[in-house]
Structures are given as structure tokens and as C-alpha cells.
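Shown below: entry_17.txt, with compact mmCIF, C-alpha atoms.
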```txt
# COMPACT_ATOMS: atom_id res chain seq x y z
CA MET A 44 0.00 0.00 0.00
CA MET A 45 1.29 3.45 -0.93
CA SER A 46 2.07 5.90 1.88
CA PHE A 47 1.06 8.76 -0.38
CA PHE A 48 0.11 9.20 -4.01
CA PHE A 49 2.88 9.14 -6.55
CA VAL A 50 3.17 7.95 -10.12
CA ASP A 51 4.56 4.60 -11.11
CA PRO A 52 8.05 5.14 -12.59
CA GLU A 53 7.13 3.19 -15.73
CA ILE A 54 4.15 5.45 -16.41
CA TYR A 55 6.37 8.48 -15.69
CA ARG A 56 9.07 7.39 -18.14
CA LYS A 57 6.47 6.65 -20.82
CA TYR A 58 4.69 10.00 -20.69
CA LYS A 59 7.06 12.60 -19.22
CA ASP A 60 8.34 14.00 -22.52
CA GLU A 61 4.86 14.34 -23.99
CA VAL A 62 3.48 15.91 -20.82
CA LEU A 63 6.37 18.40 -20.63
CA ALA A 64 5.97 19.33 -24.30
CA LEU A 65 2.27 20.07 -23.84
CA SER A 66 2.70 21.94 -20.54
CA HIS A 67 4.20 25.27 -19.48
CA ALA A 68 7.74 23.92 -19.12
CA VAL A 69 9.10 25.64 -22.21
CA GLN A 70 6.91 28.59 -23.05
CA VAL A 71 6.80 29.86 -26.61
CA ASP A 72 4.62 32.92 -27.11
CA PHE A 73 2.76 32.05 -23.96
CA GLN A 74 1.87 35.54 -22.75
CA GLU A 75 -1.78 36.41 -22.35
CA HIS A 76 -1.65 39.79 -24.09
CA LEU A 77 -0.64 38.27 -27.44
CA PRO A 78 -3.26 38.08 -30.22
CA LYS A 79 -5.13 34.78 -30.24
CA ASP A 80 -3.60 33.69 -33.55
CA GLN A 81 -0.09 34.30 -32.20
CA ARG A 82 -0.50 32.97 -28.69
CA HIS A 83 0.39 29.40 -27.73
CA PRO A 84 -0.87 28.78 -24.21
CA ALA A 85 -0.02 25.42 -22.73
CA LEU A 86 -2.67 22.79 -22.18
CA SER A 87 -4.05 22.34 -18.69
CA ASP A 88 -3.45 19.07 -16.85
CA ARG A 89 -7.04 18.07 -17.63
CA GLU A 90 -6.57 18.78 -21.34
CA ILE A 91 -3.28 16.87 -21.43
CA GLY A 92 -5.00 13.98 -19.68
CA GLU A 93 -7.79 13.95 -22.26
CA ARG A 94 -5.24 13.89 -25.07
CA LEU A 95 -3.08 11.14 -23.57
CA GLY A 96 -5.83 9.11 -21.93
CA LEU A 97 -4.61 9.76 -18.38
CA ASP A 98 -6.28 11.02 -15.21
CA GLU A 99 -5.75 14.69 -14.47
CA ARG A 100 -4.06 13.84 -11.17
CA VAL A 101 -1.62 11.48 -12.88
CA VAL A 102 -0.75 14.19 -15.43
CA ARG A 103 -0.24 16.72 -12.64
CA GLU A 104 2.15 14.38 -10.82
CA ILE A 105 4.06 13.53 -14.01
CA ARG A 106 4.38 17.22 -14.87
CA CYS A 107 5.50 18.26 -11.37
CA VAL A 108 8.16 15.54 -11.26
CA ALA A 109 9.29 16.15 -14.86
CA GLU A 110 9.65 19.90 -14.31
CA ARG A 111 11.97 19.17 -11.40
CA ASP A 112 13.66 16.27 -13.16
CA LYS A 113 14.52 18.20 -16.32
CA TYR A 114 17.74 19.59 -14.89
CA GLY A 115 19.93 17.77 -12.36
CA VAL A 116 21.73 19.11 -9.33
CA GLU A 117 24.69 20.11 -11.50
CA GLU A 118 22.49 22.79 -13.09
CA PHE A 119 21.96 24.31 -9.64
CA GLU A 120 25.74 24.47 -9.21
CA ALA A 121 26.00 26.05 -12.65
CA ALA A 122 23.39 28.63 -11.60
CA VAL A 123 25.65 29.75 -8.74
CA ARG A 124 28.55 30.26 -11.14
CA PHE A 125 26.32 32.05 -13.67
CA LYS A 126 25.00 34.53 -11.09
CA ASP A 127 28.43 35.17 -9.60
CA ARG A 128 29.83 35.98 -13.01
CA ALA A 129 26.89 38.06 -14.27
CA CYS A 130 26.53 40.08 -11.08
CA ARG A 131 30.23 40.85 -10.74
CA ASP A 132 30.44 41.76 -14.40
CA TYR A 133 27.61 44.24 -14.00
CA ALA A 134 29.10 45.72 -10.81
CA ARG A 135 32.40 46.24 -12.62
CA ARG A 136 31.18 47.51 -15.98
CA GLY A 137 27.57 48.56 -15.49
CA MET A 138 24.85 48.39 -18.08
CA SER A 139 26.55 51.01 -20.21
CA ALA A 140 29.26 48.53 -21.08
CA VAL A 141 26.65 46.20 -22.51
CA MET A 142 24.78 48.72 -24.59
CA LYS A 143 26.46 52.12 -24.25
CA LYS A 144 26.07 53.27 -27.82
CA TYR A 145 22.37 52.41 -27.81
CA VAL A 146 21.92 54.34 -24.57
CA ASP A 147 23.70 57.35 -26.10
CA LYS A 148 21.48 57.14 -29.16
CA SER A 149 18.41 56.99 -26.97
CA LYS A 150 19.60 60.03 -25.00
CA ASP A 151 19.98 61.91 -28.26
CA ARG A 152 16.32 61.16 -28.95
CA GLY A 153 15.40 62.50 -25.51
CA SER A 154 14.47 59.19 -23.94
CA ASP A 155 14.08 59.47 -20.17
CA GLN A 156 14.65 55.76 -19.57
CA SER A 157 18.29 55.46 -20.46
CA GLU A 158 21.26 55.08 -18.25
CA MET B 68 -19.16 54.33 6.86
CA SER B 69 -22.85 53.53 7.08
CA ALA B 70 -23.90 50.38 5.26
CA ALA B 71 -27.28 51.96 4.50
CA ARG B 72 -25.85 54.86 2.51
CA PRO B 73 -25.13 54.16 -1.19
CA LEU B 74 -21.42 53.67 -1.65
CA ASP B 75 -19.49 56.04 -3.88
CA PHE B 76 -17.26 53.56 -5.71
CA ASP B 77 -15.03 56.28 -7.16
CA ALA B 78 -14.40 57.61 -3.68
CA ALA B 79 -13.80 54.08 -2.39
CA ARG B 80 -11.24 53.52 -5.13
CA ALA B 81 -9.47 56.80 -4.31
CA ASP B 82 -9.43 55.89 -0.63
CA LEU B 83 -8.00 52.42 -1.30
CA ASP B 84 -5.34 53.84 -3.62
CA ALA B 85 -4.31 56.41 -1.01
CA THR B 86 -4.33 53.89 1.84
CA ALA B 87 -2.20 51.44 -0.13
CA ARG B 88 0.32 54.10 -1.07
CA ARG B 89 0.52 55.38 2.50
CA SER B 90 1.19 51.79 3.51
CA GLY B 91 4.14 51.53 1.16
CA ALA B 92 2.79 50.50 -2.25
CA LEU B 93 4.50 52.22 -5.15
CA LEU B 94 1.48 52.01 -7.42
CA THR B 95 -2.01 50.57 -7.54
CA GLY B 96 -4.50 49.58 -10.21
CA VAL B 97 -7.76 47.71 -10.66
CA ALA B 98 -8.63 45.01 -13.17
CA ALA B 99 -12.22 44.01 -13.84
CA ALA B 100 -12.74 40.44 -12.62
CA ASP B 101 -14.40 39.46 -15.90
CA ALA B 102 -11.38 40.61 -17.94
CA PHE B 103 -9.36 37.44 -17.27
CA ASP B 104 -10.53 35.60 -20.39
CA ALA B 105 -6.98 34.61 -21.31
CA ALA B 106 -6.45 32.86 -17.96
CA PRO B 107 -7.06 29.12 -17.87
CA GLU B 108 -10.30 27.88 -16.41
CA GLY B 109 -9.94 27.40 -12.66
CA ARG B 110 -7.45 30.26 -12.38
CA ARG B 111 -9.75 33.24 -12.80
CA PRO B 112 -10.87 35.64 -10.04
CA GLY B 113 -14.31 34.03 -9.87
CA ASP B 114 -12.65 30.70 -9.09
CA VAL B 115 -11.06 32.24 -6.00
CA LEU B 116 -14.10 34.22 -4.88
CA PRO B 117 -17.67 33.74 -6.15
CA ARG B 118 -19.29 36.97 -7.42
CA ALA B 119 -15.85 38.60 -7.76
CA ARG B 120 -16.11 42.02 -9.42
CA SER B 121 -12.63 43.52 -9.17
CA VAL B 122 -8.99 42.69 -8.66
CA PHE B 123 -7.11 45.37 -6.74
CA VAL B 124 -3.40 45.26 -7.62
CA LEU B 125 -0.49 46.71 -5.66
CA GLY B 126 3.08 47.06 -6.85
CA GLY B 127 6.24 47.85 -4.96
CA ALA B 128 8.87 46.26 -2.68
CA GLN B 129 11.55 46.87 -5.29
CA PRO B 130 15.15 45.92 -4.64
CA ARG B 131 17.15 48.97 -3.60
CA ALA B 132 19.53 50.65 -6.05
CA GLY B 133 22.37 49.38 -3.89
CA ASP B 134 21.20 45.80 -4.29
CA TRP B 135 21.42 46.15 -8.06
CA ALA B 136 24.87 47.71 -7.83
CA SER B 137 26.33 45.18 -5.39
CA PRO B 138 28.84 42.66 -6.76
CA ASN B 139 27.33 40.09 -4.38
CA TYR B 140 24.10 38.75 -5.85
CA GLN B 141 23.41 36.83 -2.65
CA HIS B 142 22.04 40.03 -1.06
CA MET B 143 19.06 39.81 -3.37
CA GLU B 144 18.40 36.21 -2.40
CA VAL B 145 17.28 37.28 1.03
CA THR B 146 16.02 40.80 0.44
CA THR B 147 13.88 40.45 -2.65
CA THR B 148 10.74 38.52 -1.85
CA SER B 149 7.03 39.05 -2.33
CA ASP B 150 6.47 39.11 1.45
CA ARG B 151 6.58 42.87 1.79
CA ILE B 152 4.01 43.71 -0.87
CA GLN B 153 1.88 40.77 0.26
CA THR B 154 1.78 42.20 3.78
CA ILE B 155 0.32 45.43 2.41
CA ALA B 156 -2.17 43.43 0.36
CA LEU B 157 -3.36 41.58 3.46
CA LYS B 158 -3.91 44.91 5.17
CA MET B 159 -5.85 46.21 2.15
CA ALA B 160 -8.06 43.12 2.16
CA HIS B 161 -8.99 43.94 5.76
CA VAL B 162 -9.70 47.55 4.76
CA ILE B 163 -12.06 46.41 1.98
CA GLU B 164 -13.95 44.08 4.31
CA ASP B 165 -14.00 46.26 7.44
CA ARG B 166 -14.45 49.69 5.88
CA TYR B 167 -16.65 48.82 2.91
CA GLY B 168 -18.29 45.54 3.82
CA TYR B 169 -17.34 43.52 0.74
CA TYR B 170 -15.51 40.19 0.51
CA ALA B 171 -11.79 40.38 -0.21
CA VAL B 172 -9.31 37.54 -0.81
CA CYS B 173 -5.56 38.00 -1.24
CA VAL B 174 -4.28 35.90 -4.11
CA PRO B 175 -1.68 33.65 -2.50
CA PRO B 176 1.76 34.55 -3.89
CA GLY B 177 2.88 30.93 -3.95
CA VAL B 178 1.69 28.04 -6.05
CA ASP B 179 -1.00 25.39 -5.71
CA ARG B 180 -0.50 21.63 -5.49
CA GLY B 181 0.18 21.57 -9.23
CA GLN B 182 2.99 24.14 -8.80
CA GLN B 183 0.96 26.77 -10.64
CA PRO B 184 -0.37 30.18 -9.56
CA PHE B 185 -3.90 30.34 -8.14
CA VAL B 186 -4.53 33.43 -10.26
CA SER B 187 -1.78 34.97 -12.39
CA ILE B 188 -0.75 38.09 -10.47
CA ALA B 189 1.28 39.15 -13.52
CA LEU B 190 -1.87 39.03 -15.67
CA ALA B 191 -3.76 41.00 -13.01
CA ALA B 192 -1.03 43.67 -12.95
CA GLU B 193 -1.09 43.91 -16.72
CA LEU B 194 -4.90 44.17 -16.92
CA ALA B 195 -4.85 46.79 -14.14
CA GLY B 196 -2.49 48.99 -16.16
CA CYS B 197 0.35 48.65 -13.65
CA GLY B 198 2.84 47.57 -16.29
CA SER B 199 3.33 45.23 -19.21
CA ARG B 200 4.96 41.84 -19.69
CA SER B 201 8.59 41.96 -20.74
CA LEU B 202 10.66 39.80 -23.02
CA ALA B 203 12.34 38.51 -19.88
CA GLY B 204 8.99 37.74 -18.24
CA PRO B 205 8.33 40.09 -15.32
CA VAL B 206 5.75 42.88 -15.61
CA LEU B 207 7.61 46.17 -16.03
CA HIS B 208 6.44 49.71 -15.35
CA HIS B 209 7.64 52.46 -17.70
CA GLU B 210 9.07 54.58 -14.90
CA TYR B 211 9.81 52.11 -12.10
CA GLY B 212 10.81 49.04 -14.06
CA PHE B 213 10.79 45.77 -12.10
CA MET B 214 8.80 45.38 -8.89
CA TYR B 215 6.78 42.83 -6.94
CA TYR B 216 3.00 42.71 -7.23
CA ALA B 217 0.15 41.47 -5.07
CA ALA B 218 -3.52 41.14 -5.94
CA ILE B 219 -6.78 41.14 -3.99
CA VAL B 220 -9.92 39.63 -5.48
CA THR B 221 -13.02 41.38 -4.17
CA THR B 222 -16.77 41.62 -4.65
CA LEU B 223 -16.42 45.42 -4.38
CA PRO B 224 -17.17 46.85 -7.86
CA LEU B 225 -14.33 49.33 -8.17
CA PRO B 226 -13.73 51.50 -11.26
CA ALA B 227 -11.23 49.54 -13.35
CA ASN B 228 -8.12 50.58 -15.26
CA ARG B 229 -7.16 49.41 -18.73
CA PRO B 230 -3.95 47.72 -19.87
CA LEU B 231 -1.24 50.14 -21.00
CA ASP B 232 -1.54 51.35 -24.58
CA ALA B 233 2.22 51.12 -25.16
CA PRO B 234 4.25 48.36 -23.51
CA ALA B 235 7.24 49.24 -21.33
CA CYS B 236 9.30 46.53 -23.07
CA PRO B 237 11.18 46.71 -25.35
CA ALA B 238 12.84 49.97 -24.32
CA PRO B 239 14.07 52.18 -27.21
CA GLU B 240 17.66 51.22 -26.39
CA CYS B 241 16.78 47.53 -26.71
CA VAL B 242 15.06 48.09 -30.06
CA ASP B 243 18.25 49.74 -31.36
CA MET B 244 20.46 47.02 -29.92
CA TYR B 245 18.31 44.27 -31.41
CA ALA B 246 18.33 45.93 -34.84
CA GLU B 247 22.12 45.98 -34.89
CA ALA B 248 23.18 43.04 -32.74
CA GLY B 249 20.17 40.72 -32.94
CA THR B 250 19.89 40.58 -29.17
CA THR B 251 18.83 42.62 -26.16
CA PRO B 252 20.44 43.00 -22.72
CA CYS B 253 18.18 40.38 -21.11
CA LEU B 254 18.59 37.89 -23.98
CA LYS B 255 22.33 38.44 -23.91
CA ALA B 256 22.47 37.89 -20.16
CA CYS B 257 20.55 34.60 -20.24
CA PRO B 258 20.41 33.16 -23.78
CA ILE B 259 18.26 30.06 -24.18
CA GLU B 260 20.51 28.77 -26.96
CA ASP B 261 23.56 28.91 -24.69
CA GLY B 262 22.48 27.43 -21.38
CA GLY B 263 20.09 30.20 -20.38
CA CYS B 264 16.36 30.70 -20.14
CA LEU B 265 15.36 33.42 -22.63
CA GLY B 266 14.89 33.71 -26.35
CA GLY B 267 12.86 35.97 -28.56
CA ARG B 268 12.53 38.36 -31.44
CA ILE B 269 11.66 42.04 -31.83
CA GLU B 270 9.75 43.34 -34.84
CA ASP B 271 8.42 46.86 -35.38
CA ALA B 272 9.63 47.86 -31.91
CA ARG B 273 7.45 45.18 -30.29
CA VAL B 274 8.17 41.74 -28.88
CA ALA B 275 7.21 39.42 -31.73
CA GLU B 276 8.26 36.11 -30.20
CA ARG B 277 9.31 34.93 -26.78
CA ARG B 278 10.79 31.63 -25.60
CA TYR B 279 11.29 30.77 -21.95
CA ASP B 280 12.67 27.65 -20.30
CA ALA B 281 10.80 27.69 -17.00
CA ALA B 282 12.60 24.66 -15.58
CA ARG B 283 16.05 26.15 -16.13
CA CYS B 284 14.88 29.45 -14.71
CA ALA B 285 13.82 27.56 -11.58
CA THR B 286 17.40 26.33 -11.12
CA ARG B 287 18.50 29.96 -10.96
CA VAL B 288 15.57 31.75 -9.33
CA GLN B 289 14.99 28.94 -6.83
CA ASN B 290 18.65 27.95 -6.71
CA TYR B 291 18.83 27.49 -2.95
CA TRP B 292 15.19 26.85 -2.31
CA VAL B 293 12.74 23.95 -2.54
CA PRO B 294 13.92 22.67 -5.97
CA GLY B 295 17.58 22.89 -4.95
CA PHE B 296 16.82 21.14 -1.69
CA GLN B 297 15.01 18.30 -3.44
CA HIS B 298 17.95 17.70 -5.75
CA ALA B 299 20.57 17.93 -3.03
CA LEU B 300 18.57 15.55 -0.83
CA LYS B 301 18.13 13.09 -3.71
CA GLU B 302 21.88 12.99 -4.34
CA THR B 303 22.66 12.71 -0.64
CA LEU B 304 20.25 9.82 -0.06
CA LYS B 305 21.96 7.88 -2.88
CA GLU B 306 25.37 8.10 -1.24
CA PRO B 307 26.23 4.82 0.55
CA ASP B 308 29.44 6.06 2.22
CA PRO B 309 28.50 7.72 5.57
CA GLU B 310 31.58 9.96 5.47
CA LYS B 311 30.78 11.23 2.00
CA GLN B 312 27.14 11.59 2.95
CA LYS B 313 28.16 13.80 5.87
CA MET B 314 30.21 15.99 3.55
CA MET B 315 27.19 16.36 1.29
CA LEU B 316 24.77 17.08 4.11
CA PHE B 317 27.06 19.73 5.60
CA SER B 318 28.07 21.14 2.19
CA SER B 319 27.55 24.78 1.27
CA LEU B 320 24.80 23.93 -1.23
CA PHE B 321 22.79 21.88 1.26
CA THR B 322 23.32 24.31 4.13
CA ARG B 323 22.63 27.43 2.13
CA THR B 324 19.44 25.84 0.79
CA LEU B 325 18.16 25.16 4.29
CA TRP B 326 19.00 28.68 5.44
CA SER B 327 17.29 30.12 2.41
CA MET B 328 14.13 28.15 3.00
CA THR B 329 13.82 29.83 6.39
CA TYR B 330 14.07 33.34 4.93
CA SER B 331 10.85 33.26 2.95
CA ASN B 332 7.83 31.03 3.01
CA VAL B 333 6.24 32.39 -0.15
CA SER B 334 8.02 33.57 -3.25
CA GLN B 335 11.70 34.26 -3.40
CA GLY B 336 13.66 35.57 -6.35
CA GLN B 337 17.26 34.33 -6.24
CA CYS B 338 18.22 35.35 -9.75
CA ALA B 339 17.62 38.76 -11.29
CA GLU B 340 20.37 38.93 -13.90
CA CYS B 341 17.93 39.57 -16.77
CA MET B 342 16.42 42.45 -14.79
CA ARG B 343 19.79 43.80 -13.61
CA VAL B 344 20.69 44.74 -17.19
CA CYS B 345 17.20 45.98 -18.15
CA PRO B 346 17.10 49.67 -19.10
CA VAL B 347 13.42 50.07 -18.14
CA GLY B 348 13.38 52.03 -14.89
CA SER B 349 17.17 52.10 -14.73
CA ALA B 350 17.21 55.87 -14.10
CA ARG B 351 15.75 55.16 -10.66
CA ARG B 352 18.53 52.67 -9.93
CA ARG B 353 21.29 55.29 -10.29
CA LYS B 354 22.52 56.83 -7.04
CA GLN B 355 25.67 58.60 -5.87
```

Any chance you could put this one into C-alpha cells?
Amino acid sequence: MMSFFFVDPEIYRKYKDEVLALSHAVQVDFQEHLPKDQRHPALSDREIGERLGLDERVVREIRCVAERDKYGVEEFEAAVRFKDRACRDYARRGMSAVMKKYVDKSKDRGSDQSE
Amino acid sequence: MSAARPLDFDAARADLDATARRSGALLTGVAAADAFDAAPEGRRPGDVLPRARSVFVLGGAQPRAGDWASPNYQHMEVTTTSDRIQTIALKMAHVIEDRYGYYAVCVPPGVDRGQQPFVSIALAAELAGCGSRSLAGPVLHHEYGFMYYAAIVTTLPLPANRPLDAPACPAPECVDMYAEAGTTPCLKACPIEDGGCLGGRIEDARVAERRYDAARCATRVQNYWVPGFQHALKETLKEPDPEKQKMMLFSSLFTRTLWSMTYSNVSQGQCAECMRVCPVGSARRRKQ
């Protein structure tokens, strides 16, 4: 008897890629303000379930595990290095170093948002 | 205020705006509850509160200019959370119920059992005219740039705002940069094609396409939080050597994750590198 509900690993392996592809995991033109013909909202867990012949709860569990499973612990270590580098780079050079000439051009146009 | 007297909804709106700003909100707005057509079923204001009429949105709790300038990004891990704006929202929900006699529910800033928002606070902020979605994701305000938002769903029929006519993103500088270099500061900081989270295209000075790897973003934004903890625990449980297991349990990643989980019980932003380089609102981040 299960201590709490979780998905059978076989079921997970079989469906995780399809569930991830249909869900919010990688969002392409997801935003609500986009015109209907341009917008690609993800399917809900219920809709994914209807498409794959699975219960909504099973889809939800597969999706939650797959979202976490997509990147391993090494990606969390990489995130630390990424933030260290990006933050120090900004502190040293500032935004102007990234896009100075575009900021200057914007100033010439009288933009009040430039640095 | 007497319950028998007809309520002046314009005056109520002005009072709520003023009260929220006195309490520390940087800006406020109202979205009509029936304007959330684009939200999935089950995640609309009426799903949180039957007979919902309005969503009152508050923005603020920005990182300080010094946080953006610091070479140590770890400051932001513990000082930029949604707690502060959510506290004001809870107060405003009480004001709506006690002063005006209407139901008010704060949209929880966390996620439900499916790891998804109860109601998209970003959509609420956009519909309430508080800002517009950016290529990087967060809702940006023309003048203030990045901030945290909170939302209150209420049966009080407040006069509503409209979404902004012109989006805050892309900034003119980003349009110029994209035209010449094919990228923007946020895309350059975190490119999806090179181990990052963001991709996209600008056409006619508007965002024409956006790609976002939410799972990778979680490794950065929730680096030392629940997702990081789950991964560190999984690796540690696999280790058969007790000595090695101790080294893993007491490691900086494991320890920092546990500390971080005590700092915030709601929503915590541990990566802001796409926003750090964003020109929208950057004038307010410049100090002596």
C-alpha cells in the first residue's frame, strides 16, 4: 500500500516527454496579451490527460516531477557560477558597457529611460 | 461608513489607492474580474471568490539601487521577496472588508499543489495597467521598471483601469540594440541557446516572439530553495558512504538551501540577472 500518491516510474518514463511538451515547461509565445492567432498557451493538466488518456491527477504528478527532473543538481551548481559571473560583471562595468552606444542614441532622442 | 448609505465607488477607489500608497505601495491599479478571459479555467478571479467584481493590484517592494549595484548577488536572495508587498495586500483586504463591507481575498503569492499560480498576479497587474509583460517575463512599469506585485480579489465593484496602450518593453535602447546586434540586454544575459532561459525576437519595436525555459529558470531563481533542496537531498540519499554523505549534508549547497528556505515562506527571487541589465526604470537605480 502506498504511503502517499505518486506515479509509477514506468508510467512516468512513458509519458514525461509528452506531458512536458504540452505543458508550461518551455513557453513559446505564452503571454496572455498576445493576439489569439499568435499565442500558444499550454494545455491544462485536464486537457493533457484527455489527449493522452490519463487522469488529471496522474498528469499533474508527471508534470511536477518532470519539471523538477529536467535539470539535475549540477544545473543548480551552474546557476551559482552564472549569477556570480553576471553580477560581478555588472558591478564592474555597469549596463553602459553592454549597450552604451544604444543608450547614447536613446539620449539623443530624448528618452528618459536610459542610463 | 454607514452600510445603508449608497457607496461612492469612485471615492472608495481613491481611498483604497491612497491607503495602499501610505502603507508603502509604489502604485495601484484595478482590473475588472471578468477581464481574465486569457487565464485558464480554474485560475480566474471568480474561481477564488464567487461573485468577484474587481482585482485590486499593488506594486512595490523593489530591490534597492544598492542591491542592483552590489557585486554580491546573494544580497538579493534574502532581500527580494514578495512578502513585503503581500503584507500590504493583506492589510488592504482587511480595509475592503471592514471599511466597505465587501468580501476580499488575497491571491496567494505561492503556487497550488500543481505548482501553478492560483490566479496569475502578472496578468492581473497587466490588466490593471500597472505595467506590461517583458521579453524577460516580469511585468515592467515604464518609470519604475521591475517590482513585486500582489492582488486582492473582491466583490467590491471598483472602477477599473485598462492595460497600458504602449508596452514598457522593449525599451528604445533595446530596439536599437536588437536591430544591430540581434539581441537585447536580457537575452544576452541569459540566452536560451547557450544554457540560459530566454529567447525571442523584436519586430516593429514590439516583442514578436518569446521563448522561456521555466525549468532552467527555476534552477537559478529557486537555486537554494525547494527545488535545490530536493535535488541535493536526492543525491545525498543515494550516497552509501557515511563519510561522503556527511560531507554532502554539511556542504555549502545543502546548508545554504536550508537557510534560504527559512528566509521566505512564499516567493523568493534568487536570480535577477535579466532584470539587472534591463534599461526600463534604470534611471531610478542610479545613485551617488

Atomic distance atom CA of Pro117 of chain B - atom CA of Leu86 of chain A, expressed in Å with one decimal
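One can read the atom CA of Pro117 of chain B to atom CA of Leu86 of chain A distance as 24.5 Å.
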
Neighbour list for Asp112 of chain A as a VMD selection string, cut-off 12 Å, all atoms listed in the file, skip fewer than 4 positions in-chain:
(chain A and resid 55 to 56 59 to 60 63 68 104 to 108 116 to 118) or (chain B and resid 282 to 283 285 to 286 294 to 295 297 to 298 301)

Quick one: distance from atom CA of Thr154 of chain B to atom CA of Arg80 of chain B in Å, one decimal?
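Going from atom CA of Thr154 of chain B over to atom CA of Arg80 of chain B covers 19.4 Å.
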
Restrict the distance test to only C-alpha atoms, flag each residue of chain B within 8 Å of chain A, and return the flagged residues as a PyMOL selection string.
chain B and resi 105-107+136-140+181-182+190+200+209-210+238-241+243-244+252+256+276-283+286-287+290+294-295+298-299+302+338+340+343-344+346-350+353

Go ahead and compute the interatomic distance for atom CA of Trp292 of chain B and atom CA of Ala160 of chain B, in Å to one decimal.
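It comes out at 28.7 Å.
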
Shell of 10 Å around Gly113 of chain B, only C-alpha atoms, local chain residues under 4 positions omitted, as a PyMOL selection string
chain B and resi 100-101+103+108-109+117-121+186+220-222

Restricting the calculation to only C-alpha atoms, which member of A:Phe49, A:His83, A:Arg124, A:Ile91 is positioned closest to Glu61 of chain A?
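Nearest to Glu61 of chain A: A:Ile91.
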
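Comparing the minimum interatomic distances between Pro224 of chain B and each of B:Asp77, B:Asp114, B:Glu310, B:Glu144, counting only C-alpha atoms, we find that B:Asp77 sits nearest.
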
Exercise: residues within 12 Å of coordinate (-1.5, 53.6, -22.3), counting all atoms listed in the file, as a CSV table (one decimal) with C-alpha atoms, in the frame of the given file:
```
chain,number,residue,atom,x,y,z
B,193,GLU,CA,-1.1,43.9,-16.7
B,194,LEU,CA,-4.9,44.2,-16.9
B,195,ALA,CA,-4.8,46.8,-14.1
B,196,GLY,CA,-2.5,49.0,-16.2
B,197,CYS,CA,0.4,48.6,-13.6
B,198,GLY,CA,2.8,47.6,-16.3
B,199,SER,CA,3.3,45.2,-19.2
B,208,HIS,CA,6.4,49.7,-15.4
B,209,HIS,CA,7.6,52.5,-17.7
B,228,ASN,CA,-8.1,50.6,-15.3
B,229,ARG,CA,-7.2,49.4,-18.7
B,230,PRO,CA,-4.0,47.7,-19.9
B,231,LEU,CA,-1.2,50.1,-21.0
B,232,ASP,CA,-1.5,51.4,-24.6
B,233,ALA,CA,2.2,51.1,-25.2
B,234,PRO,CA,4.2,48.4,-23.5
B,235,ALA,CA,7.2,49.2,-21.3
```
